[in-house]
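Structure record follows, encoded as structure tokens.
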Amino acid sequence: MKNSVITGILLTLIVSLAAILYFWDLGRVPNGVYVDEATVGYNAYSILNTGKDEFGKSFPVAFRFFGAYTPPLSVYLTIPFVKYFGLNAVSIRLLSGFSTLLGIMVVYAFVRNMSIYKNGWTAILTAFFFAVSPWVLFNARLGYEVTLGYVLFGIGSLLLWKGIRIGYVSLWGLFILSSSTYAAHTERYLVPLFLLVVMIFFVNKKFIEENKRGLILAVGLLVLTQVPNVFLLTTKAFWVKNLAIGGVSSFQMLKDFVSQLLTYYSPRELFGISSDINLQHTMPAISLLFSWMIIPFFVGLYELFWLRKKNDGKYLIILLLSAGVPGALSGHFISIQRVLPLIIPLILVIGLGMESLSRRIKPLIFIFVIFFLTLFSLILLWRSYFVFFPAERAGSWNYGYETLVKIAEDNQDTTYVIDNSREGAIYSLFLFYLSHSPKDFQSNFSQDFVKNYYTNPPYNGNYRIANVEVRPLIWEKDIFIEQVLIGDELLMSPEQAEEHFLKKVIEIKDSTGKILLLGYKTNPEKKIEDNKRKMLLKNPSL
Amino acid sequence: MIGLSVLLTTAAFLSFLFSKIRSLLILSGILLSVLLLLQNGSTTPTNYDRTKLTEMEKVEQIRRMNEYPPFAYSLANILEARQEAITYFKLEKNFIAIFDLSRLFGEVWMFVLLPFFIVGLTWMIKLHPGFTGSIALPPIILLTLLGHQNLYGSISLLPLIYSAIIFGAWIVDKKGDHQDEK
């Protein structure tokens with residue numbers, strides 16, 4: 001009784017601390033809105049107001065977005081937040097934060113329900129270090145589908161295990177696992193693989209005989225809940241993500257798979273420098289998991305090796321090994337967001353290691369070490385996420401576009417041409433920040449386009465939204481029209497600007513002073529005059 | 001020279017693992033020391049001196065110190081400029097970089113051997129914890145101190161890796177025989 005009260009208090013404290021970490025200053029850090037977040041938010045807004053996505057498709061089973069056909073659950077679950085808090089950075093990120101709070105309970109419940117953990121305190125400790133891990137915090141504060149996906153997978157696999165260990169099929173577990181395939185791409189591939197491996201290792205003749213009714217219901221449930229995915233299987237929309245591995249030899253595919261798998265599971269990747277070159281996926285000066293966790297991780301792996309024949313150990317090994325496979329199969333470059341389902345099994349292994357170490361170290365010393373590591377970890381986390389991250393990764397998170405939209409809104413008579421030749425998806429930021437009328441935007445697309453929605457019609461990121469044109473610059477034309485040309489630092493050199501009589505009118509920098517966006521006002525009169533003068537010089541007879 | 005050293009050291013480790021003759025411990029120690037000397041000779045050591053940071057490191061240090069909010073300037077000074085912090089972060093980076101699976105097992109044929117390595121190392125730790133610790137820790141400590149700017153890679157770790165792979169294969173084979181006997 002006394003223990004459960006203390007446990008309850010500690011869990012409440014952990015969840016409260018996590019809630020502060022996940023929701024504090026959510027609109028400012030990350031200090032921009034990434035295109036993937038903007039599109040989730042805008043499509044939720046569009047569904048809320050019109051019942052159709054940005055392209056005019058009624059309640060899609062996969063959202064086309066920028067051509068990725070993303071599973072739809074996160075968009076639908078974002079709708080209530082957009083309805084009550086409006087279309088802004090906070091409302092689109094809340095779902096991930098709440099999902100991660102649930103994730104803490106999943107980790108706690110896993111440890112409590114697995115007999116391989118002997119000490120009651122391990123569950124609290126593991127849940128705590130899950131809650132404050134850099135990788136977990138980072139994904140708890142972003143506004144797209146990946147976080148929901150891995151948490152649903154965690155809940156489903158926990159419930160499934162709770163059933164299997166006492167000899168029955170958890171229909172709730174299967175239902176949530178099946179639902180997770182509608183949350184993110186990774187789970188769409190991971191869940192069938194995971195269920196297959198679990199079946200091979202845990203479903204034997206005795207289990208089938210004792211669960212005939214349950215198994216029939218389970219098959220029925222899976223078939224029923226997978227109808228939308230089966231429908232998608234017959235369209236191009238399901239296969240767009242698979243194209244990444246096409247066009248190479250089998251040996252090359254094997255090499256890529258091996259190399260990616262090793263990278264994702266490499267302690268260097270998890271506790272040191274990440275190989276993911278997309279700066280939007282990581283934060284500066286900190287690893288995915290705290291570097292000191294490498295020690296309990298190794299100890300945990302050692303313990304797990306000897307527990308491999310126990311059902312709990314076997315299940316944890318299956319979770320750990322299957323979680324990285326879809327990511328390793330998905331292409332030629334490293335993207336740590338494809339292996340997010342690894343977080344929970346990794347933390348469970350680290351928890352196992354911490355418990356093993358606690359048995360070998362004097363309690364007082366162990367408590368002191370844990371206290372010191374907690375303090376040290378929280379300082380490093382604050383330093384990386386709340387100090388360095390907004391300053392150093394502003395550009396990767398599209399910082400500056402909110403200001404740009406404000407400028408465009410305040411100057412309705414001016415046309416702004418935004419160069420999208422290096423980032424085709426930025427139109428979504430204008431739709432998002434302007435809360436642009438979904439009906440108006442949907443009018444860009446024909447009935448034919450909507451009819452062929454799942455056949456992956458060609459992607460086009462060029463649109464006119466109010467007084468903003470998002471498209472690549474056409475130099476021969478654009479400098480002869482009175483407007484403001486906007487792009488990043490590579491848009492043009494100062495010499496080019498001078499040559500074409502362009503006047504710098506917008507300069508948006510991040511907090512480190514790095515220029516992110518530049519805007520040049522054209523001067524068509526002077527340019528035409530200059531062209532005439534040059535032609536006369538070339539051909540005086542004119 | 002390096003190849004021969006790795007080979008001889010691996011042979012010495014394996015001889016001890018299979019025969020448990022104590023004199024082989026001394027031979028293993030001597031051969032590992034030679035390899036550690038070679039590792040030391042072929043590595044450009046990490047610079048820990050805060051007064052001798054590279055231009056890039058200096059720029060990053062100043063930029064990051066300026067990113068802190070005013071109330072945390074003293075913390076910025078401790079975490080970004082103190083010699084102890086600079087040494088800690090560099091040691092941490094060197095330590096973690098040792099465990100780079102894609103560098104150690106990146107080739108397809110090495111990947112196939114990874115399960116044997118895991119089995120072998122785990123059994124080595126269980127059966128010979130002292131021996132395993134004494135052949136693993138010196139290279140780990142040396143590489144943590146020196147860093148990874150070297151000509152031949154982490155050569156001092158290779159005998160441990162090869163020994164664990166062979167020992168693991170032997171354990172698997174032995175288990176297979178045991179199953180057959182059953």
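To be explicit about the labels: the chains of the structure tokens are called A, B, and onward in the order shown, and within each one the residues are counted from 1, while ligands get numbers from 1 in the order they are shown.
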
Please tabulate, as JSON lines, the residues of chain A that come within 7 Å of chain B, each with its closest pair of atoms and the distance in Å to one decimal, counting only C-alpha atoms and ordering rows by chain, then residue number upward.
```
{"residue": "A:Lys255", "atom": "CA", "partner": "B:Val108", "partner_atom": "CA", "distance": 6.3}
{"residue": "A:Val258", "atom": "CA", "partner": "B:Val108", "partner_atom": "CA", "distance": 6.7}
{"residue": "A:Ser259", "atom": "CA", "partner": "B:Gly106", "partner_atom": "CA", "distance": 5.8}
{"residue": "A:Leu262", "atom": "CA", "partner": "B:Ser102", "partner_atom": "CA", "distance": 5.1}
{"residue": "A:Thr263", "atom": "CA", "partner": "B:Ser102", "partner_atom": "CA", "distance": 5.5}
{"residue": "A:Ser266", "atom": "CA", "partner": "B:Leu101", "partner_atom": "CA", "distance": 4.9}
{"residue": "A:Pro267", "atom": "CA", "partner": "B:Phe99", "partner_atom": "CA", "distance": 5.6}
{"residue": "A:Arg268", "atom": "CA", "partner": "B:Asp100", "partner_atom": "CA", "distance": 5.1}
{"residue": "A:Phe271", "atom": "CA", "partner": "B:Ile96", "partner_atom": "CA", "distance": 6.8}
{"residue": "A:Gly272", "atom": "CA", "partner": "B:Ile96", "partner_atom": "CA", "distance": 5.7}
{"residue": "A:Tyr302", "atom": "CA", "partner": "B:Thr122", "partner_atom": "CA", "distance": 6.5}
{"residue": "A:Val387", "atom": "CA", "partner": "B:Tyr68", "partner_atom": "CA", "distance": 5.9}
{"residue": "A:Phe388", "atom": "CA", "partner": "B:Glu67", "partner_atom": "CA", "distance": 6.5}
{"residue": "A:Ala391", "atom": "CA", "partner": "B:Glu67", "partner_atom": "CA", "distance": 6.9}
```

message: Taking only region 3-145 of chain B into account, list the residues labelled alpha helix (DSSP H) by DSSP (computed from the backbone), as JSON, numbers by chain.
response: {"B": [3, 4, 5, 6, 7, 8, 9, 10, 11, 12, 13, 14, 15, 16, 17, 18, 19, 23, 24, 25, 26, 27, 28, 29, 30, 31, 32, 33, 34, 35, 36, 37, 38, 39, 40, 41, 55, 56, 57, 58, 59, 60, 61, 62, 63, 64, 65, 66, 67, 73, 74, 75, 76, 83, 84, 85, 86, 87, 88, 89, 90, 91, 92, 93, 94, 95, 96, 97, 101, 102, 103, 104, 108, 109, 110, 111, 112, 113, 114, 115, 116, 117, 118, 119, 120, 121, 122, 123, 124, 125, 126, 127, 129, 130, 131, 132, 133, 134, 135, 136, 137, 138, 139, 140, 141, 142, 143, 144, 145]}

- prompt: By how many Å are CA of Ile21 (chain B) and CA of Trp306 (chain A) apart?
  reply: 27.2 Å

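Distances here use only C-alpha atoms; by that measure, the residue among A:Tyr401, A:Phe175, A:Phe501, A:Tyr117 closest to Gly300 (chain A) is A:Tyr117.
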
message: So that I can check the surroundings of region 415-432 of chain A, please list as an MDAnalysis selection string every protein, DNA and RNA residue that reaches within 6 Å of it, counting only C-alpha atoms and ignoring chain neighbours fewer than 2 positions away.
response: chainID A and resid 38:39 42 434:436 461 467:473 483:487

Spatial neighbours of Asp256 (chain A), max dist 8 Å, only C-alpha atoms, sep filter under 4 positions, as a ChimeraX atom specification: /A:252,260,328,331-332

message: Run DSSP on the backbone and tell me which residues of region 308-527 of chain A come out as strand (DSSP E); list them as a PyMOL selection string.
response: chain A and resi 416-418+463-465+468-470+484-487+503-509+515-521

Requested write-out: N, CA and C atoms of the selected residues, as a compact mmCIF listing (two decimals), in the first residue's frame:
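Saved to out.txt:
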```txt
# COMPACT_ATOMS: atom_id res chain seq x y z
N TYR A 416 4.92 39.17 -53.97
CA TYR A 416 6.16 38.55 -53.48
C TYR A 416 6.35 37.22 -54.22
N VAL A 417 7.52 37.06 -54.84
CA VAL A 417 7.82 35.80 -55.51
C VAL A 417 8.83 35.05 -54.64
N ILE A 418 8.43 33.89 -54.15
CA ILE A 418 9.31 33.12 -53.26
C ILE A 418 9.93 32.00 -54.09
N TYR A 463 2.52 27.60 -56.43
CA TYR A 463 1.16 28.10 -56.26
C TYR A 463 1.16 29.60 -56.03
N ARG A 464 0.00 30.22 -56.31
CA ARG A 464 -0.19 31.61 -55.89
C ARG A 464 -1.12 31.58 -54.69
N ILE A 465 -0.65 32.14 -53.59
CA ILE A 465 -1.44 32.19 -52.36
C ILE A 465 -1.52 33.66 -51.96
N VAL A 468 1.27 36.19 -52.74
CA VAL A 468 2.55 35.48 -52.74
C VAL A 468 2.56 34.44 -53.85
N GLU A 469 3.61 34.46 -54.66
CA GLU A 469 3.77 33.42 -55.68
C GLU A 469 4.93 32.54 -55.25
N VAL A 470 4.67 31.24 -55.09
CA VAL A 470 5.75 30.32 -54.70
C VAL A 470 6.13 29.51 -55.93
N VAL A 484 8.70 41.77 -55.42
CA VAL A 484 9.85 41.49 -54.54
C VAL A 484 10.22 40.02 -54.71
N LEU A 485 11.51 39.78 -55.02
CA LEU A 485 11.99 38.41 -55.22
C LEU A 485 12.65 37.94 -53.93
N ILE A 486 12.20 36.78 -53.47
CA ILE A 486 12.67 36.31 -52.15
C ILE A 486 13.27 34.91 -52.23
N GLY A 487 14.36 34.72 -51.50
CA GLY A 487 14.98 33.40 -51.45
C GLY A 487 16.04 33.37 -50.37
N LYS A 503 16.98 46.04 -55.43
CA LYS A 503 17.30 46.69 -54.15
C LYS A 503 16.89 45.78 -52.99
N LYS A 504 17.88 45.53 -52.12
CA LYS A 504 17.58 44.65 -50.99
C LYS A 504 16.58 45.32 -50.04
N VAL A 505 15.42 44.71 -49.85
CA VAL A 505 14.40 45.30 -48.97
C VAL A 505 14.06 44.40 -47.77
N ILE A 506 14.47 43.14 -47.87
CA ILE A 506 14.19 42.22 -46.75
C ILE A 506 15.47 41.45 -46.43
N GLU A 507 15.79 41.37 -45.17
CA GLU A 507 16.91 40.53 -44.73
C GLU A 507 16.51 39.92 -43.39
N ILE A 508 16.33 38.60 -43.37
CA ILE A 508 15.93 37.94 -42.12
C ILE A 508 17.08 37.04 -41.67
N LYS A 509 17.52 37.27 -40.43
CA LYS A 509 18.66 36.52 -39.89
C LYS A 509 18.22 35.68 -38.69
N ILE A 515 22.30 34.86 -42.29
CA ILE A 515 21.18 35.30 -43.13
C ILE A 515 20.39 34.08 -43.61
N LEU A 516 19.07 34.12 -43.38
CA LEU A 516 18.23 33.00 -43.80
C LEU A 516 17.42 33.34 -45.04
N LEU A 517 16.87 34.56 -45.08
CA LEU A 517 16.04 34.95 -46.21
C LEU A 517 16.39 36.37 -46.66
N LEU A 518 16.39 36.55 -47.97
CA LEU A 518 16.66 37.87 -48.54
C LEU A 518 15.56 38.23 -49.52
N GLY A 519 15.20 39.49 -49.55
CA GLY A 519 14.19 39.93 -50.51
C GLY A 519 14.71 41.12 -51.31
N TYR A 520 14.55 41.08 -52.62
CA TYR A 520 15.02 42.17 -53.49
C TYR A 520 13.84 42.75 -54.27
N LYS A 521 13.73 44.06 -54.22
CA LYS A 521 12.68 44.72 -54.99
C LYS A 521 13.21 44.97 -56.40
```

message: Please list as a list in words every residue within 12 Å of Ala169 (chain B), counting only C-alpha atoms and excluding residues in the same chain fewer than 5 positions away.
response: Val112, Leu113, Leu114, Pro115, Phe116, Phe117, Ile118, Val119, Gly120, Leu121, Trp123, Tyr162, Ser163, Ala164, Lys174, Lys175 and Gly176 of chain B

Save the residues we just selected, N, CA and C atoms, as a PDB file, in the first residue's frame?
```pdb
ATOM      1  N   VAL B 112      28.136 -10.920 -41.101  1.00  0.00           N
ATOM      2  CA  VAL B 112      27.721 -12.313 -40.874  1.00  0.00           C
ATOM      3  C   VAL B 112      28.380 -12.848 -39.591  1.00  0.00           C
ATOM      4  N   LEU B 113      29.585 -12.329 -39.309  1.00  0.00           N
ATOM      5  CA  LEU B 113      30.308 -12.817 -38.131  1.00  0.00           C
ATOM      6  C   LEU B 113      29.879 -12.128 -36.827  1.00  0.00           C
ATOM      7  N   LEU B 114      29.080 -11.067 -36.951  1.00  0.00           N
ATOM      8  CA  LEU B 114      28.672 -10.301 -35.765  1.00  0.00           C
ATOM      9  C   LEU B 114      27.986 -11.154 -34.686  1.00  0.00           C
ATOM     10  N   PRO B 115      27.046 -12.051 -35.064  1.00  0.00           N
ATOM     11  CA  PRO B 115      26.435 -12.886 -34.017  1.00  0.00           C
ATOM     12  C   PRO B 115      27.461 -13.725 -33.256  1.00  0.00           C
ATOM     13  N   PHE B 116      28.479 -14.237 -33.980  1.00  0.00           N
ATOM     14  CA  PHE B 116      29.520 -15.024 -33.300  1.00  0.00           C
ATOM     15  C   PHE B 116      30.295 -14.137 -32.323  1.00  0.00           C
ATOM     16  N   PHE B 117      30.534 -12.888 -32.752  1.00  0.00           N
ATOM     17  CA  PHE B 117      31.243 -11.946 -31.882  1.00  0.00           C
ATOM     18  C   PHE B 117      30.451 -11.730 -30.589  1.00  0.00           C
ATOM     19  N   ILE B 118      29.141 -11.528 -30.743  1.00  0.00           N
ATOM     20  CA  ILE B 118      28.302 -11.270 -29.558  1.00  0.00           C
ATOM     21  C   ILE B 118      28.313 -12.484 -28.623  1.00  0.00           C
ATOM     22  N   VAL B 119      28.131 -13.672 -29.231  1.00  0.00           N
ATOM     23  CA  VAL B 119      28.133 -14.902 -28.420  1.00  0.00           C
ATOM     24  C   VAL B 119      29.497 -15.066 -27.747  1.00  0.00           C
ATOM     25  N   GLY B 120      30.546 -14.894 -28.536  1.00  0.00           N
ATOM     26  CA  GLY B 120      31.901 -15.093 -28.024  1.00  0.00           C
ATOM     27  C   GLY B 120      32.231 -14.131 -26.898  1.00  0.00           C
ATOM     28  N   LEU B 121      31.950 -12.873 -27.099  1.00  0.00           N
ATOM     29  CA  LEU B 121      32.284 -11.862 -26.091  1.00  0.00           C
ATOM     30  C   LEU B 121      31.501 -12.103 -24.803  1.00  0.00           C
ATOM     31  N   TRP B 123      30.273 -14.915 -23.661  1.00  0.00           N
ATOM     32  CA  TRP B 123      30.813 -16.087 -22.958  1.00  0.00           C
ATOM     33  C   TRP B 123      32.188 -15.804 -22.367  1.00  0.00           C
ATOM     34  N   TYR B 162      38.592 -10.443 -33.101  1.00  0.00           N
ATOM     35  CA  TYR B 162      38.802 -11.720 -33.795  1.00  0.00           C
ATOM     36  C   TYR B 162      38.702 -12.892 -32.814  1.00  0.00           C
ATOM     37  N   SER B 163      39.273 -12.710 -31.626  1.00  0.00           N
ATOM     38  CA  SER B 163      39.211 -13.800 -30.634  1.00  0.00           C
ATOM     39  C   SER B 163      37.762 -14.082 -30.259  1.00  0.00           C
ATOM     40  N   ALA B 164      36.981 -13.011 -30.049  1.00  0.00           N
ATOM     41  CA  ALA B 164      35.577 -13.197 -29.660  1.00  0.00           C
ATOM     42  C   ALA B 164      34.806 -13.902 -30.777  1.00  0.00           C
ATOM     43  N   LYS B 174      30.037 -26.072 -30.361  1.00  0.00           N
ATOM     44  CA  LYS B 174      29.992 -26.976 -29.219  1.00  0.00           C
ATOM     45  C   LYS B 174      28.545 -27.218 -28.772  1.00  0.00           C
ATOM     46  N   LYS B 175      27.771 -26.135 -28.772  1.00  0.00           N
ATOM     47  CA  LYS B 175      26.353 -26.239 -28.391  1.00  0.00           C
ATOM     48  C   LYS B 175      25.619 -27.148 -29.370  1.00  0.00           C
ATOM     49  N   GLY B 176      25.988 -26.994 -30.669  1.00  0.00           N
ATOM     50  CA  GLY B 176      25.374 -27.824 -31.709  1.00  0.00           C
ATOM     51  C   GLY B 176      25.665 -29.288 -31.451  1.00  0.00           C
TER      52      GLY B 176
END
```

- request: Name all residues at most 9 Å from Ile481 (chain A) (count only C-alpha atoms; drop same-chain ones fewer than 3 positions away) and give them as a PyMOL selection string.
  value: chain A and resi 477-478+522-524

I need the residues from that last selection saved to file as a short mmCIF file (atom, residue, chain, number, x, y, z; two decimals), in the first residue's frame (with C-alpha atoms), if you can.
```
data_model
loop_
_atom_site.label_atom_id
_atom_site.label_comp_id
_atom_site.auth_asym_id
_atom_site.auth_seq_id
_atom_site.Cartn_x
_atom_site.Cartn_y
_atom_site.Cartn_z
CA LYS A 477 10.72 37.63 -66.91
CA ASP A 478 10.77 38.37 -63.18
CA THR A 522 12.83 44.82 -58.78
CA ASN A 523 13.20 48.03 -60.78
CA PRO A 524 11.68 47.22 -64.21
#
```

statement: note - CA of Phe371 (chain A) and CA of Thr144 (chain B) are separated by 25.4 Å

message: Considering only C-alpha atoms, can you say which of A:Arg308, A:Lys52, A:Lys534, A:Arg93 comes closest to Glu37 (chain A)?
response: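 Selected residue with least distance to Glu37 (chain A): A:Arg93.
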
- prompt: With only C-alpha atoms as the basis for distance, which of B:Gly147, B:Gly168, B:Pro139, B:Pro159 is at the shortest distance from Leu37 (chain B)?
  reply: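 Once distances to Leu37 (chain B) are computed over only C-alpha atoms, the minimum belongs to B:Pro139.
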
- request: Extract, using only C-alpha atoms, all DNA, RNA and protein residues at most 8 Å from Phe441 (chain A), discarding same-chain residues fewer than 3 positions from it, and format them as a ChimeraX atom specification.
  value: /A:54-55,436-438,444,465

Next, write the just-selected residues to a file, as a compact mmCIF listing (two decimals), in the first residue's frame, keeping C-alpha atoms as the atom set.
```txt
# COMPACT_ATOMS: atom_id res chain seq x y z
CA GLU A 54 -5.72 20.58 -49.29
CA PHE A 55 -6.23 18.95 -52.70
CA HIS A 436 -5.39 30.39 -46.13
CA SER A 437 -8.93 29.45 -47.16
CA PRO A 438 -8.89 25.70 -47.88
CA ASN A 444 -6.31 24.80 -57.90
CA ILE A 465 -1.44 32.19 -52.36
```
